[in-house]
Structures are given as C-alpha cells and as structure tokens.
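J.: start_32.csv is reproduced in full below (CSV, C-alpha atoms).
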chain,number,residue,atom,x,y,z
A,157,MET,CA,-48.6,-9.8,-46.3
A,158,TYR,CA,-46.1,-8.1,-44.0
A,159,THR,CA,-48.7,-8.3,-41.1
A,160,LEU,CA,-49.0,-12.0,-41.7
A,161,ARG,CA,-45.2,-12.2,-41.6
A,162,ASP,CA,-45.4,-10.5,-38.2
A,163,VAL,CA,-47.7,-13.2,-36.8
A,164,LEU,CA,-45.0,-15.7,-38.0
A,165,VAL,CA,-46.7,-17.5,-40.9
A,166,ASP,CA,-44.4,-20.0,-42.5
A,167,VAL,CA,-45.8,-19.7,-46.1
A,168,LEU,CA,-47.9,-17.1,-47.9
A,169,ILE,CA,-50.0,-17.9,-50.9
A,170,LEU,CA,-51.1,-15.0,-53.1
A,171,HIS,CA,-54.2,-15.9,-55.1
A,172,GLY,CA,-53.7,-14.2,-58.4
A,173,PRO,CA,-51.5,-13.8,-61.6
A,174,ARG,CA,-47.8,-14.3,-61.3
A,175,GLY,CA,-46.9,-10.6,-61.7
A,176,CYS,CA,-48.6,-9.8,-58.4
A,177,CYS,CA,-46.0,-11.8,-56.5
A,178,PHE,CA,-42.7,-10.6,-58.0
A,179,ARG,CA,-41.3,-7.9,-55.7
A,180,THR,CA,-43.2,-9.0,-52.6
A,181,ALA,CA,-41.8,-12.5,-52.9
A,182,ARG,CA,-38.2,-11.3,-53.2
A,183,LEU,CA,-38.5,-9.1,-50.1
A,184,LEU,CA,-40.5,-11.4,-47.9
A,185,GLU,CA,-38.4,-14.5,-48.7
A,186,LYS,CA,-35.3,-12.5,-47.5
A,187,ASP,CA,-37.2,-12.4,-44.2
A,188,GLY,CA,-37.7,-16.2,-44.1
A,189,VAL,CA,-41.3,-16.4,-45.4
A,190,ARG,CA,-41.9,-18.6,-48.4
A,191,VAL,CA,-44.2,-17.0,-50.9
A,192,LEU,CA,-46.1,-18.8,-53.6
A,193,VAL,CA,-48.6,-17.5,-56.2
A,194,THR,CA,-51.5,-19.5,-57.7
A,195,GLY,CA,-50.6,-18.1,-61.2
A,196,MET,CA,-54.1,-17.3,-62.6
A,197,THR,CA,-54.3,-17.1,-66.4
A,198,GLU,CA,-56.8,-15.4,-68.7
A,199,GLU,CA,-58.8,-18.6,-68.8
A,200,ASP,CA,-59.2,-18.5,-65.0
A,201,PHE,CA,-60.6,-15.0,-65.2
A,202,ILE,CA,-63.6,-16.6,-67.1
A,203,PHE,CA,-64.0,-20.0,-65.4
A,204,GLY,CA,-62.6,-19.4,-61.9
A,205,ALA,CA,-59.4,-20.5,-60.2
A,206,THR,CA,-60.6,-22.1,-57.0
A,207,GLU,CA,-58.9,-25.4,-57.9
A,208,ARG,CA,-55.5,-23.6,-58.4
A,209,LEU,CA,-55.7,-22.4,-54.7
A,210,VAL,CA,-56.7,-25.9,-53.5
A,211,GLU,CA,-53.7,-27.3,-55.4
A,212,ALA,CA,-51.4,-24.7,-54.0
A,213,LEU,CA,-52.5,-25.4,-50.4
A,214,ARG,CA,-52.0,-29.1,-50.8
A,215,TYR,CA,-48.6,-28.6,-52.5
A,216,VAL,CA,-47.6,-26.4,-49.5
A,217,GLU,CA,-48.6,-29.1,-47.0
A,218,GLU,CA,-46.9,-31.9,-48.8
A,219,ASN,CA,-43.7,-30.2,-49.7
A,220,LEU,CA,-43.1,-27.4,-47.1
A,221,ASN,CA,-44.8,-28.9,-43.9
A,222,PRO,CA,-45.9,-25.5,-42.5
A,223,ASP,CA,-47.6,-24.9,-39.2
A,224,LEU,CA,-49.2,-21.6,-40.3
A,225,VAL,CA,-50.2,-20.5,-43.8
A,226,GLY,CA,-51.5,-17.2,-45.0
A,227,VAL,CA,-53.7,-16.8,-48.0
A,228,VAL,CA,-54.1,-13.4,-49.5
A,229,GLY,CA,-56.4,-12.2,-52.4
A,230,THR,CA,-55.6,-10.0,-55.3
A,231,CYS,CA,-57.6,-7.6,-57.6
A,232,VAL,CA,-58.3,-10.4,-60.0
A,233,ALA,CA,-59.6,-12.7,-57.3
A,234,SER,CA,-62.0,-10.0,-56.2
A,235,ILE,CA,-63.2,-9.1,-59.7
A,236,ILE,CA,-64.1,-12.7,-60.6
A,237,GLY,CA,-65.6,-13.4,-57.1
A,238,GLU,CA,-63.2,-16.1,-55.9
A,239,ASP,CA,-64.4,-17.8,-52.7
A,240,MET,CA,-61.0,-18.4,-51.0
A,241,GLU,CA,-62.6,-19.7,-47.7
A,242,THR,CA,-64.3,-22.5,-49.6
A,243,ALA,CA,-61.0,-23.4,-51.3
A,244,VAL,CA,-59.3,-23.6,-47.9
A,245,GLU,CA,-62.1,-25.9,-46.6
A,246,THR,CA,-61.8,-28.1,-49.7
A,247,ALA,CA,-58.0,-28.4,-49.4
A,248,ASP,CA,-58.5,-29.5,-45.7
A,249,ILE,CA,-54.8,-29.3,-44.8
A,250,ASP,CA,-53.4,-29.8,-41.3
A,251,ALA,CA,-51.8,-26.4,-41.0
A,252,THR,CA,-53.7,-23.4,-39.6
A,253,VAL,CA,-54.7,-21.2,-42.5
A,254,VAL,CA,-55.3,-17.4,-42.1
A,255,THR,CA,-57.4,-16.2,-45.1
A,256,VAL,CA,-57.3,-12.5,-45.8
A,257,GLU,CA,-60.0,-11.2,-48.2
A,258,VAL,CA,-58.2,-8.0,-49.3
A,259,HIS,CA,-57.8,-7.3,-53.0
A,260,ASN,CA,-56.4,-4.0,-54.0
A,261,GLY,CA,-54.3,-1.0,-53.0
A,262,MET,CA,-56.9,1.7,-53.4
A,263,GLY,CA,-57.6,2.3,-49.7
A,264,PRO,CA,-55.2,3.1,-46.9
A,265,ASN,CA,-52.7,0.4,-46.1
A,266,THR,CA,-54.2,0.2,-42.6
A,267,GLU,CA,-57.3,-1.4,-44.1
A,268,GLY,CA,-55.3,-4.5,-45.2
A,269,VAL,CA,-53.4,-4.6,-41.9
A,270,ILE,CA,-56.7,-4.7,-39.9
A,271,LYS,CA,-58.2,-7.4,-42.2
A,272,ALA,CA,-55.1,-9.5,-41.7
A,273,LEU,CA,-55.2,-9.0,-37.9
A,274,GLU,CA,-58.9,-9.8,-37.8
A,275,ALA,CA,-58.4,-13.0,-39.8
A,276,ALA,CA,-55.5,-14.0,-37.6
A,277,ALA,CA,-57.6,-13.5,-34.4
A,278,GLU,CA,-60.5,-15.5,-36.0
A,279,ALA,CA,-58.0,-18.3,-36.6
A,280,GLY,CA,-56.9,-18.2,-33.0
A,281,VAL,CA,-53.3,-17.0,-33.9
A,282,ILE,CA,-53.5,-13.8,-31.9
A,283,PRO,CA,-55.9,-12.5,-29.2
A,284,GLU,CA,-58.7,-10.2,-30.1
A,285,GLU,CA,-57.3,-7.6,-27.7
A,286,GLU,CA,-54.2,-7.3,-29.9
A,287,VAL,CA,-56.4,-6.4,-32.8
A,288,ASP,CA,-57.9,-3.5,-30.8
A,289,ARG,CA,-54.5,-2.5,-29.6
A,290,GLN,CA,-53.2,-2.3,-33.2
A,291,ARG,CA,-56.2,-0.2,-34.3
A,292,ARG,CA,-55.3,2.3,-31.6
A,293,LEU,CA,-51.6,2.4,-32.6
A,294,MET,CA,-52.4,2.8,-36.3
A,295,LYS,CA,-54.7,5.7,-35.5
A,296,ALA,CA,-52.0,7.3,-33.5
A,297,ALA,CA,-49.4,6.7,-36.3
A,298,ALA,CA,-51.8,8.2,-38.9
A,299,GLU,CA,-52.3,11.3,-36.7
A,300,LEU,CA,-48.6,11.7,-36.2
A,301,GLU,CA,-47.9,11.7,-39.9
A,302,ARG,CA,-50.7,14.2,-40.5
A,303,LYS,CA,-49.3,16.6,-37.8
A,304,ARG,CA,-45.6,16.3,-38.3
A,305,GLY,CA,-44.7,13.7,-41.0
A,306,MET,CA,-45.1,12.9,-44.7
A,307,ALA,CA,-48.8,13.9,-44.7
A,308,SER,CA,-48.2,17.3,-43.0
A,309,ARG,CA,-47.6,19.0,-46.3
A,310,ARG,CA,-49.1,18.8,-49.8
A,311,TYR,CA,-45.6,18.5,-51.2
A,312,LEU,CA,-42.2,17.9,-49.6
A,313,GLU,CA,-39.1,18.5,-51.5
A,314,PRO,CA,-36.6,15.6,-51.3
A,315,TRP,CA,-33.5,16.5,-49.3
A,316,GLU,CA,-30.4,14.4,-48.6
A,317,GLY,CA,-29.9,15.7,-45.1
A,318,HIS,CA,-26.6,16.6,-43.5
A,319,ASP,CA,-23.3,14.8,-43.9
A,320,PRO,CA,-23.2,12.0,-41.3
A,321,TYR,CA,-19.5,12.6,-40.3
A,322,ASP,CA,-20.1,16.3,-39.8
A,323,VAL,CA,-23.1,15.6,-37.7
A,324,ALA,CA,-21.2,13.0,-35.6
A,325,GLU,CA,-18.4,15.5,-35.0
A,326,GLU,CA,-20.8,18.1,-33.9
A,327,LEU,CA,-22.8,15.7,-31.8
A,328,THR,CA,-19.9,14.3,-29.9
A,329,GLY,CA,-18.7,17.8,-29.0
A,330,HIS,CA,-21.5,17.8,-26.4
A,331,ASP,CA,-21.0,16.6,-22.8
A,332,THR,CA,-24.3,14.7,-22.3
A,333,ILE,CA,-26.1,13.2,-25.2
A,334,LEU,CA,-29.4,11.4,-24.8
A,335,ALA,CA,-29.5,8.7,-27.5
A,336,VAL,CA,-33.1,7.6,-28.3
A,337,LEU,CA,-34.1,4.7,-30.4
A,338,ASN,CA,-37.7,5.2,-31.5
A,339,ALA,CA,-37.9,2.9,-34.5
A,340,LYS,CA,-40.7,1.1,-36.4
A,341,LYS,CA,-40.5,-2.7,-36.1
A,342,GLU,CA,-37.6,-4.3,-37.9
A,343,THR,CA,-36.0,-1.0,-39.1
A,344,ALA,CA,-34.7,-0.9,-35.5
A,345,TYR,CA,-31.9,-3.3,-36.6
A,346,LEU,CA,-30.4,-0.3,-38.4
A,347,PHE,CA,-31.6,2.7,-36.4
A,348,ALA,CA,-30.3,1.1,-33.2
A,349,ASP,CA,-26.7,1.3,-34.5
A,350,PRO,CA,-25.8,4.9,-33.8
A,351,VAL,CA,-27.8,4.8,-30.5
A,352,LEU,CA,-25.7,1.8,-29.3
A,353,GLU,CA,-22.5,3.5,-30.3
A,354,LEU,CA,-23.4,6.5,-28.1
A,355,GLY,CA,-24.4,4.2,-25.3
A,356,LYS,CA,-21.1,2.4,-25.5
A,357,ALA,CA,-19.4,5.8,-25.1
A,358,GLY,CA,-21.2,6.2,-21.7
A,359,HIS,CA,-24.2,8.4,-22.8
A,360,PRO,CA,-27.7,7.6,-21.6
A,361,VAL,CA,-29.9,5.6,-23.8
A,362,ALA,CA,-33.7,5.2,-24.2
A,363,ALA,CA,-35.3,2.8,-26.6
A,364,ASN,CA,-38.7,1.4,-27.6
A,365,LEU,CA,-37.5,-2.2,-27.1
A,366,SER,CA,-40.2,-3.6,-24.8
A,367,SER,CA,-40.9,-7.3,-25.7
A,368,ASN,CA,-44.0,-7.4,-23.5
A,369,SER,CA,-46.5,-6.5,-26.2
A,370,GLY,CA,-47.0,-6.6,-30.0
A,371,LEU,CA,-47.2,-9.2,-32.7
A,372,PRO,CA,-44.8,-12.2,-32.3
A,373,LYS,CA,-42.1,-11.1,-34.7
A,374,VAL,CA,-42.1,-7.6,-33.3
A,375,ARG,CA,-41.6,-8.9,-29.8
A,376,ARG,CA,-38.9,-11.2,-31.0
A,377,ASP,CA,-37.0,-8.5,-32.8
A,378,ALA,CA,-37.2,-6.2,-29.7
A,379,GLU,CA,-35.7,-9.0,-27.6
A,380,THR,CA,-32.9,-9.7,-30.1
A,381,ILE,CA,-31.9,-6.0,-30.3
A,382,ARG,CA,-32.1,-5.5,-26.5
A,383,ARG,CA,-29.7,-8.5,-26.0
A,384,GLU,CA,-27.2,-6.9,-28.4
A,385,PHE,CA,-27.3,-3.7,-26.2
A,386,GLU,CA,-26.9,-5.7,-23.0
A,387,LYS,CA,-24.0,-7.7,-24.5
A,388,ALA,CA,-22.3,-4.4,-25.2
A,389,GLY,CA,-22.8,-3.3,-21.6
A,390,VAL,CA,-25.6,-0.8,-22.4
A,391,THR,CA,-28.9,-1.0,-20.6
A,392,PRO,CA,-31.5,1.2,-22.3
A,393,GLU,CA,-34.4,2.8,-20.5
A,394,ILE,CA,-37.5,1.3,-22.1
A,395,ILE,CA,-40.0,3.8,-23.6
A,396,GLY,CA,-42.4,1.4,-25.3
A,397,ALA,CA,-42.5,-1.4,-27.9
A,398,LEU,CA,-41.4,-1.4,-31.5
A,399,ASP,CA,-44.9,-0.8,-32.7
A,400,GLU,CA,-45.5,2.1,-30.2
A,401,TYR,CA,-43.2,4.6,-32.0
A,402,ALA,CA,-46.1,7.1,-32.5
A,403,ILE,CA,-47.0,7.3,-28.8
A,404,THR,CA,-43.6,7.7,-27.1
A,405,GLU,CA,-43.2,11.5,-26.9
A,406,GLU,CA,-44.3,11.9,-23.3
A,407,ARG,CA,-42.0,9.1,-22.1
A,408,ILE,CA,-39.1,10.6,-24.0
A,409,LEU,CA,-39.8,14.0,-22.4
A,410,GLU,CA,-39.7,12.3,-19.0
A,411,VAL,CA,-36.3,10.9,-19.7
A,412,ILE,CA,-35.1,14.3,-21.0
A,413,GLU,CA,-36.3,16.1,-17.9
A,414,ARG,CA,-34.4,13.7,-15.7
A,415,VAL,CA,-31.2,13.5,-17.7
A,416,GLU,CA,-31.0,17.2,-18.8
A,417,PRO,CA,-28.9,16.5,-21.9
A,418,ASP,CA,-27.0,19.0,-24.0
A,419,ALA,CA,-27.9,17.1,-27.1
A,420,ILE,CA,-30.5,14.6,-28.2
A,421,LEU,CA,-30.4,12.0,-30.9
A,422,VAL,CA,-33.7,10.4,-32.0
A,423,SER,CA,-33.2,7.6,-34.5
A,424,GLY,CA,-36.0,5.9,-36.5
A,425,ILE,CA,-39.2,7.9,-36.2
A,426,PRO,CA,-37.8,11.2,-34.9
A,427,HIS,CA,-41.0,13.3,-35.5
A,428,ALA,CA,-42.6,11.5,-32.6
A,429,LEU,CA,-40.7,14.1,-30.6
A,430,ASP,CA,-41.3,17.7,-31.3
A,431,PRO,CA,-37.9,19.4,-31.0
A,432,GLY,CA,-39.6,22.6,-30.1
A,433,ARG,CA,-40.5,21.1,-26.7
A,434,VAL,CA,-36.8,20.6,-25.7
A,435,ASP,CA,-33.9,22.9,-24.9
A,436,ALA,CA,-31.0,21.0,-26.5
A,437,PHE,CA,-29.2,20.4,-29.8
A,438,THR,CA,-31.3,17.9,-31.7
A,439,VAL,CA,-30.3,15.3,-34.3
A,440,ALA,CA,-32.8,13.2,-36.2
A,441,VAL,CA,-32.0,10.0,-38.1
A,442,THR,CA,-34.6,9.0,-40.7
A,443,ASP,CA,-34.9,6.8,-43.8
A,444,GLY,CA,-36.3,9.0,-46.5
A,445,LEU,CA,-35.4,12.1,-48.4
A,446,ARG,CA,-38.9,13.7,-48.0
A,447,GLU,CA,-39.0,12.7,-44.3
A,448,ALA,CA,-35.7,14.6,-44.0
A,449,SER,CA,-37.3,17.7,-45.4
A,450,ALA,CA,-40.2,17.4,-43.0
A,451,LEU,CA,-37.9,17.0,-40.0
A,452,LYS,CA,-35.9,20.1,-41.1
A,453,GLU,CA,-39.1,22.1,-41.2
A,454,LEU,CA,-40.2,20.7,-37.8
A,455,GLY,CA,-37.1,22.2,-36.3
A,456,TYR,CA,-34.4,19.5,-35.9
A,457,ASP,CA,-30.9,21.1,-35.9
A,458,ARG,CA,-29.4,18.2,-37.9
A,459,VAL,CA,-30.9,15.4,-40.0
A,460,VAL,CA,-29.2,12.3,-41.2
A,461,VAL,CA,-30.8,10.1,-43.9
A,462,GLU,CA,-30.3,6.3,-43.9
A,463,GLU,CA,-31.8,5.4,-47.3
A,464,GLU,CA,-33.4,2.1,-48.0
A,465,ALA,CA,-33.5,1.2,-44.3
A,466,HIS,CA,-36.3,-1.3,-44.7
A,467,ALA,CA,-34.6,-3.2,-47.6
A,468,ARG,CA,-31.3,-3.3,-45.7
A,469,VAL,CA,-32.7,-5.0,-42.6
A,470,LEU,CA,-35.0,-7.6,-44.1
A,471,GLY,CA,-33.9,-11.0,-43.0
A,472,LYS,CA,-31.4,-9.7,-40.4
A,473,ARG,CA,-31.3,-10.9,-36.8
A,474,HIS,CA,-28.4,-8.6,-35.8
A,475,LEU,CA,-27.7,-4.8,-35.9
A,476,VAL,CA,-26.9,-3.4,-39.4
A,477,PRO,CA,-24.2,-0.7,-39.7
A,478,SER,CA,-25.5,2.8,-40.5
A,479,ARG,CA,-23.9,5.8,-42.0
A,480,LEU,CA,-24.1,7.8,-38.7
A,481,GLY,CA,-23.0,4.7,-36.7
A,482,ASP,CA,-19.9,4.3,-39.0
A,483,ALA,CA,-19.1,8.0,-38.5
A,484,LEU,CA,-19.4,7.7,-34.7
A,485,ARG,CA,-17.2,4.7,-34.7
A,486,ALA,CA,-14.6,6.6,-36.6
A,487,ILE,CA,-14.6,9.4,-34.1
A,488,LEU,CA,-15.1,7.5,-30.9
A,489,GLY,CA,-12.9,4.6,-31.8
A,490,GLY,CA,-15.6,2.0,-31.5
Hey, can you dump this file as structure tokens for me?
T.:
Amino acid sequence: MYTLRDVLVDVLILHGPRGCCFRTARLLEKDGVRVLVTGMTEEDFIFGATERLVEALRYVEENLNPDLVGVVGTCVASIIGEDMETAVETADIDATVVTVEVHNGMGPNTEGVIKALEAAAEAGVIPEEEVDRQRRLMKAAAELERKRGMASRRYLEPWEGHDPYDVAEELTGHDTILAVLNAKKETAYLFADPVLELGKAGHPVAANLSSNSGLPKVRRDAETIRREFEKAGVTPEIIGALDEYAITEERILEVIERVEPDAILVSGIPHALDPGRVDAFTVAVTDGLREASALKELGYDRVVVEEEAHARVLGKRHLVPSRLGDALRAILGG
C-alpha cells in the first residue's frame, strides 16, 4: 500500500474485513491517500464478495473522482479465491486501476513491493525499467541489513543512544564537519534537519536528494527538501536518490576524501557507511533503539535516536524538527 502511495494513487481499496484497514488507513490518510475497505463479513467468506469490490470501485468514482486507484487483497480474499481483476473489469470505472494480488504478511515485505510495482507497470503508471531498478535497490538494501543492520545479529538489545545535546556540543567542537543526509524516502523530512543546521553553519553537506530517478512521490519529496536547503543558502553535493540509501557508501567516501573532515555526521541510514573506513569522529542519527545498538557495535563514536521518525513525517511537505537539530540550533544560535 505504501508502494502504491509512492506511485501517487488517489484512493486505495483494501478488499477484506474492516479490521485489516484500521492502522493502515490512519497512517496513509495522513499522507493524503484516501483508504477504503470493502468490509467483508462472515457471509462473504462463504458466498464471495466480488460485488462488494465492484460497489466500492463505483462509489469511489462517483464520490471521489480519482485519476488513479489501487486495489489490494487480504488474507481472506486469498482464502476464498476472490477474482479482483474480474471485479475491476465489471466496475468499468474511468480511473486507472492498479490491482495487487498480494494477501498476507508471511513472506518478506519486498514481495508485496515488487507485486505492486509490477502491477503499476502493467497498468502503464511506471516504466518497466523502474521495476528492475527497484529490484536491484531492494536487493542492495537487504544485503546492507544483513551485513550491518538489524539482520546482522540474532538479537539486538534496545539502546536509547547518546544524549542529543551532549553529542551536539561534542560535534560542534570540530573544525570541519561533513554532514551527510542518507535517508530512506520521506523520513528525510526529519533526518535532513540536523544536516541543514550544520550546512547553515558553513560545514560541507552531502545528501541523497537527486530527483532524477525513483517513484513519483520519492522524486517529489527529494525536490521539496532540496528546495528547503537552497532557500537556506545550502547547496548539498548529491550522492544519490532517496531510494538509493543502500548504495551510497562509495560516493560518501569520495566526498570524505576530498573534504578531509574532522567529524562526520550521517543521518538516516548511517550503516550504509562503515565508520571503520574513515579517520574521523563519527556520529550516526537513526530512528530505532535496536538500530542504535547495531550502530554502536559497528563502530560509530556517537549515536542519536530519533524515535518514531516515520510516523512523525507522514503527511509533511516541509522539514520536521529533530532532537539533534534542536540541540544544534541551541548551540549554534540557528
């Protein structure tokens, strides 16, 4: 469903019981996507619910006037053998409909992402080459997690990280700080905050804010954030796109070699850079307690945790203040 949001669907219809929709609807609607559920009942489990989906599609067209609609299955739809494509054909609405036949959370989340992308390409919403590109990026992201991230240990003890103000004081004591934004998609609205503060103080900045590739929303978010940087007088060196966070290490190292910083801040997905490959004081900014533990083991000198980053940025089209950003503003007078 989040992948369909990234191709800019106007409405999502979840074909299943009402309970399947609760949290997803709350989060996605904060991001501007309207979410409906067909509301299957026990009777539908026996006799089928194709007509419910047809009715939902026609309701959406008549009342919401969308250009692009996503239809996503659930476990129940799979168990009773619902033919969602036939329902879409029967409804015969004017909007383009992307139907994703994915029904459970038992496999890796990449499975649902790929199915959504394939369906979007089949509907002519994105080019086939983008599906291939996303496959490569997801493979790289999975490998990064296996080597250095959450999947690198059987168990990671939750850890709250270091105090943001203490880290900010220590960090700003260095002469040259390279501030790196290496964030995943919309979380950049928060993780860009401390990077921009250091950039405004005259330190060099690198960021994965290319808007030349990626799904439509991802490109739009990159452009929006880059404009905020430029408005503040900061021009970041581009090291990739917001979905390329797993493959930026060599580009970051090239910038480090040229800048020769005393300290390096990596905000978003810090484990893309192995701190053992650099000779500088290193600070990681992440969004989870277990991620913080992994980063400490990886060798980062300081780790700051920005909890609930994803929930905090949903629906935002501007930078969101962060704990470390607030600390830097207090020290630097920003």
J.: Which is closest to Glu284 of chain A among A:Ala335, A:Pro350, A:Leu365, A:Leu371, if we use all atoms listed in the file?
T.: A:Leu371
J.: Around (-35.5, 6.5, -36.4), as given in the file, which residues come within 6 Å? Count only C-alpha atoms and list them as a PyMOL selection string.
T.: chain A and resi 338-339+347+423-426+441-442
J.: Could you write those residues out with C-alpha atoms, as a tab-separated table (two decimals), in the coordinates of the input?
T.:
chain	number	residue	atom	x	y	z
A	338	ASN	CA	-37.70	5.20	-31.50
A	339	ALA	CA	-37.90	2.90	-34.50
A	347	PHE	CA	-31.60	2.70	-36.40
A	423	SER	CA	-33.20	7.60	-34.50
A	424	GLY	CA	-36.00	5.90	-36.50
A	425	ILE	CA	-39.20	7.90	-36.20
A	426	PRO	CA	-37.80	11.20	-34.90
A	441	VAL	CA	-32.00	10.00	-38.10
A	442	THR	CA	-34.60	9.00	-40.70
J.: Dig up all the protein and nucleic acid residues within 12 Å of (-38.2, 7.3, -47.7) in the file frame, using only C-alpha atoms, and format them as a PyMOL selection string.
T.: chain A and resi 305-306+312-316+424-425+441-450+461-467
J.: Report as a PyMOL selection string all protein, DNA and RNA residues lying within 10 Å of segment 394-398 of chain A, evaluated on all atoms listed in the file, omitting residues in the same chain fewer than 4 positions from it.
T.: chain A and resi 336-344+361-371+374-375+377-378+382+402-408+410-411
J.: For atom CA of Glu301 of chain A and atom CA of Glu453 of chain A, determine how far apart the two atoms are, in Å to one decimal place.
T.: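 Separation between atom CA of Glu301 of chain A and atom CA of Glu453 of chain A: 13.7 Å.
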J.: When distances are computed from all atoms listed in the file, which of A:Leu160, A:Leu213, A:Ala388, A:Ile282 shows the smallest separation from Val269 of chain A?
T.: A:Leu160
J.: Please provide the set of residues having any atom within 6 Å of segment 227-237 of chain A, restricted to only C-alpha atoms, with same-chain residues fewer than 4 positions apart removed, written as a list in words.
T.: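 Final neighbour list, sorted by chain and number: Leu168, Ile169, Leu170, His171, Gly172, Thr255, Val256, Glu257, Val258, His259 and Asn260 of chain A.
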J.: How many Å lie between atom CA of Val167 of chain A and atom CA of Val216 of chain A, rounded to one decimal?
T.: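 Distance reported for this atom pair: 7.7 Å.
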J.: Got a sec: who's within 9 Å of segment 297-300 of chain A, counting all atoms listed in the file, leaving out chain neighbours fewer than 6 positions off, as a PyMOL selection string?
T.: chain A and resi 307-308+400-403+427-428
J.: As a list in words, please: the residues near Leu488 of chain A (cut-off 12 Å, all atoms listed in the file, same-chain neighbours under 6 positions excluded).
T.: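 Answer for this query is Tyr321, Ala324, Glu325, Leu327, Thr328, Gly329, Pro350, Glu353, Leu354, Gly355, Lys356, Ala357, Gly358, Leu480, Gly481 and Asp482 of chain A.
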J.: Atom CA of Thr197 of chain A to atom CA of Thr242 of chain A: how many Å, to one decimal?
T.: 20.3 Å
J.: Can you sort out segment 264-287 of chain A so it carries N, CA and C atoms, written as a tab-separated table (two decimals), in the coordinates of the input?
T.:
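rebuild29.tsv, freshly written:
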chain	number	residue	atom	x	y	z
A	264	PRO	N	-56.44	2.95	-47.73
A	264	PRO	CA	-55.20	3.10	-46.90
A	264	PRO	C	-54.65	1.74	-46.55
A	265	ASN	N	-53.31	1.71	-46.36
A	265	ASN	CA	-52.70	0.40	-46.10
A	265	ASN	C	-53.16	-0.16	-44.75
A	266	THR	N	-53.67	0.69	-43.87
A	266	THR	CA	-54.20	0.20	-42.60
A	266	THR	C	-55.37	-0.74	-42.77
A	267	GLU	N	-56.09	-0.58	-43.88
A	267	GLU	CA	-57.30	-1.40	-44.10
A	267	GLU	C	-56.82	-2.90	-44.27
A	268	GLY	N	-55.75	-3.12	-45.04
A	268	GLY	CA	-55.30	-4.50	-45.20
A	268	GLY	C	-54.67	-5.03	-43.92
A	269	VAL	N	-54.00	-4.17	-43.15
A	269	VAL	CA	-53.40	-4.60	-41.90
A	269	VAL	C	-54.51	-5.10	-40.94
A	270	ILE	N	-55.58	-4.31	-40.81
A	270	ILE	CA	-56.70	-4.70	-39.90
A	270	ILE	C	-57.34	-5.97	-40.36
A	271	LYS	N	-57.56	-6.12	-41.67
A	271	LYS	CA	-58.20	-7.40	-42.20
A	271	LYS	C	-57.31	-8.56	-41.87
A	272	ALA	N	-56.00	-8.40	-42.01
A	272	ALA	CA	-55.10	-9.50	-41.70
A	272	ALA	C	-55.13	-9.84	-40.22
A	273	LEU	N	-55.16	-8.82	-39.37
A	273	LEU	CA	-55.20	-9.00	-37.90
A	273	LEU	C	-56.51	-9.70	-37.51
A	274	GLU	N	-57.61	-9.23	-38.09
A	274	GLU	CA	-58.90	-9.80	-37.80
A	274	GLU	C	-58.95	-11.30	-38.16
A	275	ALA	N	-58.40	-11.60	-39.33
A	275	ALA	CA	-58.40	-13.00	-39.80
A	275	ALA	C	-57.48	-13.85	-38.89
A	276	ALA	N	-56.36	-13.28	-38.45
A	276	ALA	CA	-55.50	-14.00	-37.60
A	276	ALA	C	-56.12	-14.28	-36.21
A	277	ALA	N	-56.88	-13.30	-35.71
A	277	ALA	CA	-57.60	-13.50	-34.40
A	277	ALA	C	-58.68	-14.54	-34.58
A	278	GLU	N	-59.39	-14.49	-35.71
A	278	GLU	CA	-60.50	-15.50	-36.00
A	278	GLU	C	-59.89	-16.89	-36.02
A	279	ALA	N	-58.67	-17.01	-36.53
A	279	ALA	CA	-58.00	-18.30	-36.60
A	279	ALA	C	-57.36	-18.75	-35.31
A	280	GLY	N	-57.43	-17.87	-34.31
A	280	GLY	CA	-56.90	-18.20	-33.00
A	280	GLY	C	-55.36	-17.99	-32.90
A	281	VAL	N	-54.79	-17.24	-33.85
A	281	VAL	CA	-53.30	-17.00	-33.90
A	281	VAL	C	-52.91	-15.93	-32.93
A	282	ILE	N	-53.74	-14.88	-32.81
A	282	ILE	CA	-53.50	-13.80	-31.90
A	282	ILE	C	-54.75	-13.49	-31.11
A	283	PRO	N	-54.65	-12.87	-29.93
A	283	PRO	CA	-55.90	-12.50	-29.20
A	283	PRO	C	-56.60	-11.36	-29.77
A	284	GLU	N	-57.89	-11.29	-29.54
A	284	GLU	CA	-58.70	-10.20	-30.10
A	284	GLU	C	-58.25	-8.85	-29.51
A	285	GLU	N	-57.73	-8.86	-28.26
A	285	GLU	CA	-57.30	-7.60	-27.70
A	285	GLU	C	-56.12	-6.99	-28.45
A	286	GLU	N	-55.31	-7.84	-29.09
A	286	GLU	CA	-54.20	-7.30	-29.90
A	286	GLU	C	-54.70	-6.59	-31.12
A	287	VAL	N	-55.80	-7.05	-31.68
A	287	VAL	CA	-56.40	-6.40	-32.80
A	287	VAL	C	-56.82	-4.96	-32.41
